[in-house]
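Here the structure comes first, spelled out in structure tokens, and everything after it is commentary.
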Amino acid sequence: MAPTGASAPPPSGGSGASGRVLSAQEQAEYDRLRRAARVRHRRARGAGAGVLLVLALLLAPLAVVAFWVDDEVSDTGRYVQTVAPLASEPAVQDVMIERLTDRVVANVNVEAVTDALTKALLDAGAPPGVAEAAENLTVPLRSAVRGVVEGVVTRVVTSDAFQQAWETANERAHSAVVHMLTGSGEGPLRVSGDTVQLDLGPVVDEVRTRLVDAGLGQAAAIPDTDRAVTLFRTEELSTAQDAMRLLDVVGTWLPVLTVVLAGLAVWTAPRHRLTLLITAVGVGVMMVLLLVGLAVARRVYLDAVPATTLPPDAAAVIYDTFVRFLRDSTRTLLVVAVITALAAYLYGPGRAAVAVRGFARRGTAAAGRGLARAGVRTGAPGRALAAHRPWTTGVVVGAGVLTLLLWNHPTAGAVALVAGLVLVVLLLLETLAATATATGPTLTRPG
């Protein structure tokens, strides 16, 4: 039964909707118009799919960067995981050791020590030459002090305790900032309008407890009011909070929008497999461009940081550490794009694709015959696999995609592992199907 509103082409020499018999010329014109309508429809679908595909490809690198920024800014655990390696990097440790040593030595008044020594020698009746020699001890003494301080600071900075302190300090600082900007969670910072306050409640409770334990029972009467101290007021706080909310929305939904646009492009296009192949190649190219952009940004950053402010090796380590998760995510999507493009090509009519499919088919068929000769019987399940190959393939591939979606921050290695497992499972199922056809009541060539 033809759908409502659609007219099936009448047979040559038949009658149209009015009952009039179409001539050969009218039938040919009718067929030409229908072909033209189909061509226009395909062109419209192709144009729409092209627009959707271009939008998806342009948004792909922006979505990756937005997701990474939102992940780093709003997730304290992810931020700490990002900066944790800096405490164990030798280049960064050298900078910390040097600057901490400079700060400590600057607070040691070596001149006062030599002056006191000179005065003590003069008061003790030492010869003037000895007192003058004591004044010349300033430089050696400062060098000795620096050596001692540097040794102590080096042991502290390179210890495991410093690594733990580094992570704890970053975790507390990031949690406080996130709490201030989002107003969610618990933390020492409170936001009220355009005012940022520090909650001293835990400190007040600790002081009151210690005073009572020390015998000052009157300290128990310390009130619980006025436990917050105003740190600062700023009209820009609401702007920062709005930016944080916008970042959360963009970082969450821009990747979703990009995937939806790419999916609509593949679904709308007249040739789905070819469009999927083009989409995967396009995404791969955009990820390569993003990696190139990160390399260029690294060079620009290193050129912009003066050596007096930060040594080049330390600056390079800091940049690489901060963007490593962004670089890993980009590489992961590049691997996904390559695997998707390869799968789309292998399902096509290309000579190499047909050869690969034929080789795999012959291999699984031979394995199935070998299992059948060995007495392995797959029975009804095997025949069901042979009869529903597209469904089983879709289920296995869908399970692989779902695994990657549920994987927390999958890496390129994880994608390759899941893809390898999907391929192994598909070959295994094809072998079981071939075993069933080889042992069935009638021998059939594996499809």
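Letters A, B, ... mark the chains of the structure tokens in the order given; residue numbers begin at 1 per chain; ligand numbers begin at 1, in order shown.
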### Message
List as a list in words the protein and nucleic acid residues near region 246-261 of chain A, meaning an atom at most 10 Å away when only C-alpha atoms are counted, but skip any in the same chain fewer than 6 places from it.
### Response
Ala49, Val51, Leu52, Leu53, Val54, Leu55, Ala56, Leu57, Leu58, Leu59, Ala60, Pro61, Leu62, Ala63, Val64, Val65, Ala66, Phe67, Trp68, Val69, Asp70, Asp71, Val73, Ser74, Ala240 and Trp267 of chain A
Restrict the selected residues to N, CA, C and O atoms and save them as a CSV table (one decimal), in the first residue's frame.
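Below you can see again_11.csv, which holds the result:
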```
chain,number,residue,atom,x,y,z
A,49,ALA,N,23.8,17.9,5.2
A,49,ALA,CA,24.8,17.1,5.9
A,49,ALA,C,26.1,17.8,5.9
A,49,ALA,O,26.9,17.8,6.9
A,51,VAL,N,26.7,21.1,5.8
A,51,VAL,CA,26.7,22.2,6.8
A,51,VAL,C,26.8,21.7,8.2
A,51,VAL,O,27.6,22.2,9.0
A,52,LEU,N,26.1,20.6,8.6
A,52,LEU,CA,26.2,20.0,9.9
A,52,LEU,C,27.6,19.5,10.1
A,52,LEU,O,28.2,19.7,11.3
A,53,LEU,N,28.2,18.9,9.1
A,53,LEU,CA,29.6,18.4,9.3
A,53,LEU,C,30.6,19.5,9.5
A,53,LEU,O,31.5,19.3,10.3
A,54,VAL,N,30.5,20.6,8.7
A,54,VAL,CA,31.4,21.7,8.9
A,54,VAL,C,31.3,22.2,10.3
A,54,VAL,O,32.3,22.5,11.0
A,55,LEU,N,30.1,22.4,10.8
A,55,LEU,CA,29.9,22.9,12.2
A,55,LEU,C,30.5,22.0,13.2
A,55,LEU,O,31.2,22.4,14.1
A,56,ALA,N,30.3,20.7,13.0
A,56,ALA,CA,30.9,19.7,14.0
A,56,ALA,C,32.4,19.8,14.0
A,56,ALA,O,33.0,19.7,15.0
A,57,LEU,N,33.0,19.9,12.8
A,57,LEU,CA,34.4,19.9,12.7
A,57,LEU,C,35.0,21.1,13.3
A,57,LEU,O,36.1,21.1,14.0
A,58,LEU,N,34.4,22.3,13.1
A,58,LEU,CA,34.8,23.5,13.7
A,58,LEU,C,34.7,23.5,15.2
A,58,LEU,O,35.6,24.1,15.9
A,59,LEU,N,33.7,22.9,15.7
A,59,LEU,CA,33.5,22.9,17.1
A,59,LEU,C,34.3,21.8,17.8
A,59,LEU,O,34.4,21.9,19.1
A,60,ALA,N,34.8,20.8,17.1
A,60,ALA,CA,35.5,19.7,17.7
A,60,ALA,C,36.7,20.2,18.6
A,60,ALA,O,36.8,19.8,19.8
A,61,PRO,N,37.6,20.9,18.1
A,61,PRO,CA,38.8,21.4,18.9
A,61,PRO,C,38.3,22.3,20.1
A,61,PRO,O,38.8,22.2,21.2
A,62,LEU,N,37.3,23.1,19.8
A,62,LEU,CA,36.8,24.0,20.9
A,62,LEU,C,36.2,23.2,22.0
A,62,LEU,O,36.3,23.5,23.2
A,63,ALA,N,35.4,22.1,21.6
A,63,ALA,CA,34.8,21.3,22.6
A,63,ALA,C,35.8,20.6,23.5
A,63,ALA,O,35.7,20.4,24.7
A,64,VAL,N,36.9,20.1,22.8
A,64,VAL,CA,38.0,19.4,23.6
A,64,VAL,C,38.6,20.4,24.6
A,64,VAL,O,38.8,20.0,25.8
A,65,VAL,N,38.9,21.6,24.2
A,65,VAL,CA,39.6,22.6,25.0
A,65,VAL,C,38.6,23.0,26.1
A,65,VAL,O,39.0,23.1,27.3
A,66,ALA,N,37.3,23.2,25.8
A,66,ALA,CA,36.3,23.7,26.8
A,66,ALA,C,36.1,22.6,27.9
A,66,ALA,O,36.1,22.9,29.1
A,67,PHE,N,36.1,21.3,27.5
A,67,PHE,CA,35.9,20.2,28.4
A,67,PHE,C,37.1,20.2,29.3
A,67,PHE,O,37.0,20.0,30.5
A,68,TRP,N,38.3,20.3,28.8
A,68,TRP,CA,39.5,20.3,29.6
A,68,TRP,C,39.6,21.4,30.6
A,68,TRP,O,39.9,21.2,31.8
A,69,VAL,N,39.3,22.6,30.1
A,69,VAL,CA,39.3,23.8,31.0
A,69,VAL,C,38.3,23.6,32.2
A,69,VAL,O,38.6,23.9,33.3
A,70,ASP,N,37.1,23.2,31.8
A,70,ASP,CA,36.1,23.0,32.8
A,70,ASP,C,36.5,21.9,33.8
A,70,ASP,O,36.3,22.0,35.0
A,71,ASP,N,37.1,20.9,33.3
A,71,ASP,CA,37.6,19.8,34.2
A,71,ASP,C,38.7,20.3,35.1
A,71,ASP,O,38.6,19.9,36.3
A,73,VAL,N,39.2,23.5,36.1
A,73,VAL,CA,38.8,24.6,37.0
A,73,VAL,C,37.8,24.1,38.0
A,73,VAL,O,37.9,24.5,39.2
A,74,SER,N,36.9,23.2,37.6
A,74,SER,CA,35.8,22.8,38.6
A,74,SER,C,36.0,21.6,39.4
A,74,SER,O,35.4,21.3,40.3
A,240,ALA,N,32.8,36.9,37.9
A,240,ALA,CA,33.6,35.7,38.0
A,240,ALA,C,32.7,34.5,38.2
A,240,ALA,O,32.9,33.4,37.6
A,267,TRP,N,23.6,10.9,9.6
A,267,TRP,CA,22.3,10.3,9.4
A,267,TRP,C,21.5,11.0,8.2
A,267,TRP,O,20.8,10.4,7.5
```
### Query
Contacts of region 301-312 of chain A at 8 Å or less, counting only C-alpha atoms, minus same-chain residues fewer than 4 places along, as number ranges by chain?
A: 95, 297, 316
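Take the candidates A:Gly363, A:Tyr345, A:Arg42, A:Val80 and check each one against Ala280 (chain A) using only C-alpha atoms; the shortest distance goes to A:Tyr345.
Between CA of Ser329 (chain A) and CA of Val401 (chain A) lies a distance of 16.1 Å.
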### Message
Residues within 7 Å of Thr411 (chain A), please, as a list in words. Count only C-alpha atoms; anything in the same chain fewer than 2 positions from it doesn't count.
### Response
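So, after excluding close chain neighbours, the residues are Asp328, Ser329, Thr332, His409, Gly413, Ala414 and Val415 of chain A.
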Dump of C-alpha atoms for the selected residues, as a tab-separated table (two decimals), in the first residue's frame:
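Below you can see part.tsv, which holds the result:
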```tsv
chain	number	residue	atom	x	y	z
A	328	ASP	CA	46.21	13.10	26.03
A	329	SER	CA	42.54	13.77	25.28
A	332	THR	CA	42.69	9.77	22.32
A	409	HIS	CA	39.13	9.88	31.00
A	413	GLY	CA	45.91	3.02	24.94
A	414	ALA	CA	42.48	2.35	26.44
A	415	VAL	CA	40.81	3.04	23.08
```
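Distances here use only C-alpha atoms; by that measure, the residue among A:Ala412, A:Leu289, A:Ala365, A:Glu98 closest to Val335 (chain A) is A:Ala412.
One distance worth recording is that between CA of Gly348 (chain A) and CA of Arg273 (chain A), which is 7.5 Å.
Across the structure, CA of Tyr79 (chain A) and CA of Tyr319 (chain A) are spaced 14.0 Å apart.
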If we count only C-alpha atoms and set the cut-off at 12 Å, which residues sit around Leu294 (chain A), ignoring sequence neighbours fewer than 2 positions away in its own chain? Please answer as a short mmCIF file (atom, residue, chain, number, x, y, z; two decimals) with N, CA, C and O atoms, in the first residue's frame.
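Heads up, here's the output in part.cif:
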```cif
data_model
loop_
_atom_site.label_atom_id
_atom_site.label_comp_id
_atom_site.auth_asym_id
_atom_site.auth_seq_id
_atom_site.Cartn_x
_atom_site.Cartn_y
_atom_site.Cartn_z
N PRO A 61 37.65 20.93 18.07
CA PRO A 61 38.75 21.35 18.95
C PRO A 61 38.30 22.27 20.07
O PRO A 61 38.83 22.18 21.19
N VAL A 65 38.93 21.59 24.16
CA VAL A 65 39.56 22.58 25.04
C VAL A 65 38.60 23.00 26.15
O VAL A 65 38.99 23.12 27.32
N MET A 287 42.10 17.23 15.18
CA MET A 287 42.89 16.88 16.37
C MET A 287 44.39 17.08 16.10
O MET A 287 45.14 17.52 16.98
N VAL A 288 44.83 16.77 14.89
CA VAL A 288 46.23 17.02 14.54
C VAL A 288 46.51 18.52 14.57
O VAL A 288 47.56 18.96 15.09
N LEU A 289 45.59 19.32 14.06
CA LEU A 289 45.77 20.77 14.10
C LEU A 289 45.80 21.28 15.54
O LEU A 289 46.55 22.21 15.85
N LEU A 290 44.99 20.69 16.41
CA LEU A 290 45.01 21.09 17.82
C LEU A 290 46.35 20.76 18.46
O LEU A 290 46.89 21.56 19.24
N LEU A 291 46.91 19.59 18.16
CA LEU A 291 48.22 19.23 18.69
C LEU A 291 49.29 20.19 18.17
O LEU A 291 50.19 20.59 18.92
N VAL A 292 49.19 20.57 16.89
CA VAL A 292 50.13 21.55 16.35
C VAL A 292 49.96 22.88 17.06
O VAL A 292 50.95 23.57 17.40
N VAL A 296 52.76 25.08 19.08
CA VAL A 296 53.05 26.49 18.79
C VAL A 296 52.87 27.33 20.05
O VAL A 296 53.69 28.21 20.36
N ALA A 297 51.79 27.07 20.80
CA ALA A 297 51.56 27.81 22.04
C ALA A 297 52.69 27.58 23.04
O ALA A 297 53.07 28.49 23.79
N ARG A 298 53.22 26.37 23.05
CA ARG A 298 54.35 26.08 23.95
C ARG A 298 55.57 26.93 23.59
O ARG A 298 56.23 27.50 24.47
N ARG A 299 55.85 27.04 22.30
CA ARG A 299 56.99 27.85 21.86
C ARG A 299 56.77 29.32 22.19
O ARG A 299 57.69 30.00 22.65
N VAL A 300 55.57 29.81 21.98
CA VAL A 300 55.25 31.20 22.29
C VAL A 300 55.39 31.46 23.80
O VAL A 300 55.94 32.48 24.23
N TYR A 301 54.90 30.51 24.60
CA TYR A 301 54.99 30.66 26.06
C TYR A 301 56.44 30.70 26.53
O TYR A 301 56.82 31.55 27.35
N TYR A 319 54.63 23.97 31.61
CA TYR A 319 53.67 24.00 30.50
C TYR A 319 53.24 22.57 30.13
O TYR A 319 52.05 22.29 29.99
N ASP A 320 54.22 21.68 29.98
CA ASP A 320 53.90 20.30 29.58
C ASP A 320 53.04 19.61 30.63
O ASP A 320 52.16 18.81 30.30
N PHE A 322 50.87 21.07 32.76
CA PHE A 322 49.52 21.62 32.81
C PHE A 322 48.67 21.18 31.62
O PHE A 322 47.46 21.02 31.77
N VAL A 323 49.27 21.02 30.45
CA VAL A 323 48.47 20.69 29.26
C VAL A 323 48.53 19.21 28.91
O VAL A 323 48.00 18.81 27.87
N ARG A 324 49.14 18.39 29.75
CA ARG A 324 49.32 16.99 29.36
C ARG A 324 47.98 16.27 29.24
O ARG A 324 47.82 15.42 28.36
N PHE A 325 47.01 16.59 30.09
CA PHE A 325 45.71 15.93 29.97
C PHE A 325 44.98 16.39 28.71
O PHE A 325 44.26 15.60 28.09
N LEU A 326 45.13 17.67 28.35
CA LEU A 326 44.55 18.15 27.10
C LEU A 326 45.20 17.45 25.91
O LEU A 326 44.52 17.03 24.96
N ARG A 327 46.52 17.30 25.97
CA ARG A 327 47.22 16.61 24.89
C ARG A 327 46.81 15.13 24.83
O ARG A 327 46.61 14.57 23.75
N ASP A 328 46.64 14.50 26.00
CA ASP A 328 46.21 13.10 26.03
C ASP A 328 44.81 12.95 25.46
O ASP A 328 44.54 11.99 24.71
N THR A 330 43.35 14.86 23.28
CA THR A 330 43.42 15.08 21.84
C THR A 330 43.94 13.84 21.12
O THR A 330 43.41 13.43 20.08
N ARG A 331 44.98 13.23 21.67
CA ARG A 331 45.50 12.01 21.08
C ARG A 331 44.48 10.88 21.12
O ARG A 331 44.38 10.06 20.19
#
```
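The shell of residues at most 9 Å from Gln163 (chain A), with only C-alpha atoms counted and near chain neighbours (fewer than 4 positions) removed, consists of Ala84, Pro85, Leu86, Ala87, Ser88, Val157, Thr158, Ser159, Glu167 and Thr168 of chain A.
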Save out the residues we just selected, N, CA, C and O atoms, as an mmCIF file, in the first residue's frame.
```cif
data_model
loop_
_atom_site.group_PDB
_atom_site.id
_atom_site.type_symbol
_atom_site.label_atom_id
_atom_site.label_comp_id
_atom_site.auth_asym_id
_atom_site.auth_seq_id
_atom_site.Cartn_x
_atom_site.Cartn_y
_atom_site.Cartn_z
ATOM 1 N N ALA A 84 50.291 17.718 40.655
ATOM 2 C CA ALA A 84 51.065 16.890 41.589
ATOM 3 C C ALA A 84 52.464 16.554 41.083
ATOM 4 O O ALA A 84 53.437 16.608 41.850
ATOM 5 N N PRO A 85 52.650 16.217 39.796
ATOM 6 C CA PRO A 85 54.007 15.857 39.348
ATOM 7 C C PRO A 85 55.011 16.991 39.425
ATOM 8 O O PRO A 85 56.224 16.735 39.390
ATOM 9 N N LEU A 86 54.552 18.245 39.503
ATOM 10 C CA LEU A 86 55.499 19.361 39.526
ATOM 11 C C LEU A 86 56.420 19.303 40.740
ATOM 12 O O LEU A 86 57.576 19.717 40.667
ATOM 13 N N ALA A 87 55.906 18.788 41.860
ATOM 14 C CA ALA A 87 56.710 18.754 43.078
ATOM 15 C C ALA A 87 57.872 17.777 42.975
ATOM 16 O O ALA A 87 58.833 17.880 43.754
ATOM 17 N N SER A 88 57.822 16.851 42.050
ATOM 18 C CA SER A 88 58.900 15.867 41.901
ATOM 19 C C SER A 88 59.743 16.090 40.653
ATOM 20 O O SER A 88 60.621 15.275 40.366
ATOM 21 N N VAL A 157 62.670 19.803 50.171
ATOM 22 C CA VAL A 157 61.957 19.860 48.889
ATOM 23 C C VAL A 157 61.954 18.508 48.183
ATOM 24 O O VAL A 157 60.988 18.146 47.512
ATOM 25 N N THR A 158 63.012 17.733 48.322
ATOM 26 C CA THR A 158 63.098 16.434 47.646
ATOM 27 C C THR A 158 62.522 15.292 48.472
ATOM 28 O O THR A 158 62.608 14.138 48.050
ATOM 29 N N SER A 159 61.916 15.581 49.592
ATOM 30 C CA SER A 159 61.377 14.534 50.453
ATOM 31 C C SER A 159 59.934 14.205 50.057
ATOM 32 O O SER A 159 59.252 14.974 49.382
ATOM 33 N N GLU A 167 50.622 18.636 47.455
ATOM 34 C CA GLU A 167 49.295 18.220 47.019
ATOM 35 C C GLU A 167 48.209 18.743 47.958
ATOM 36 O O GLU A 167 47.142 19.188 47.510
ATOM 37 N N THR A 168 48.480 18.702 49.270
ATOM 38 C CA THR A 168 47.483 19.178 50.229
ATOM 39 C C THR A 168 47.240 20.669 50.074
ATOM 40 O O THR A 168 46.086 21.131 50.104
#
```
### Query
Residues at most 6 Å from region 146-151 of chain A, counting only C-alpha atoms, excluding those fewer than 3 positions away in the same chain, as a ChimeraX atom specification?
/A:101,143,154
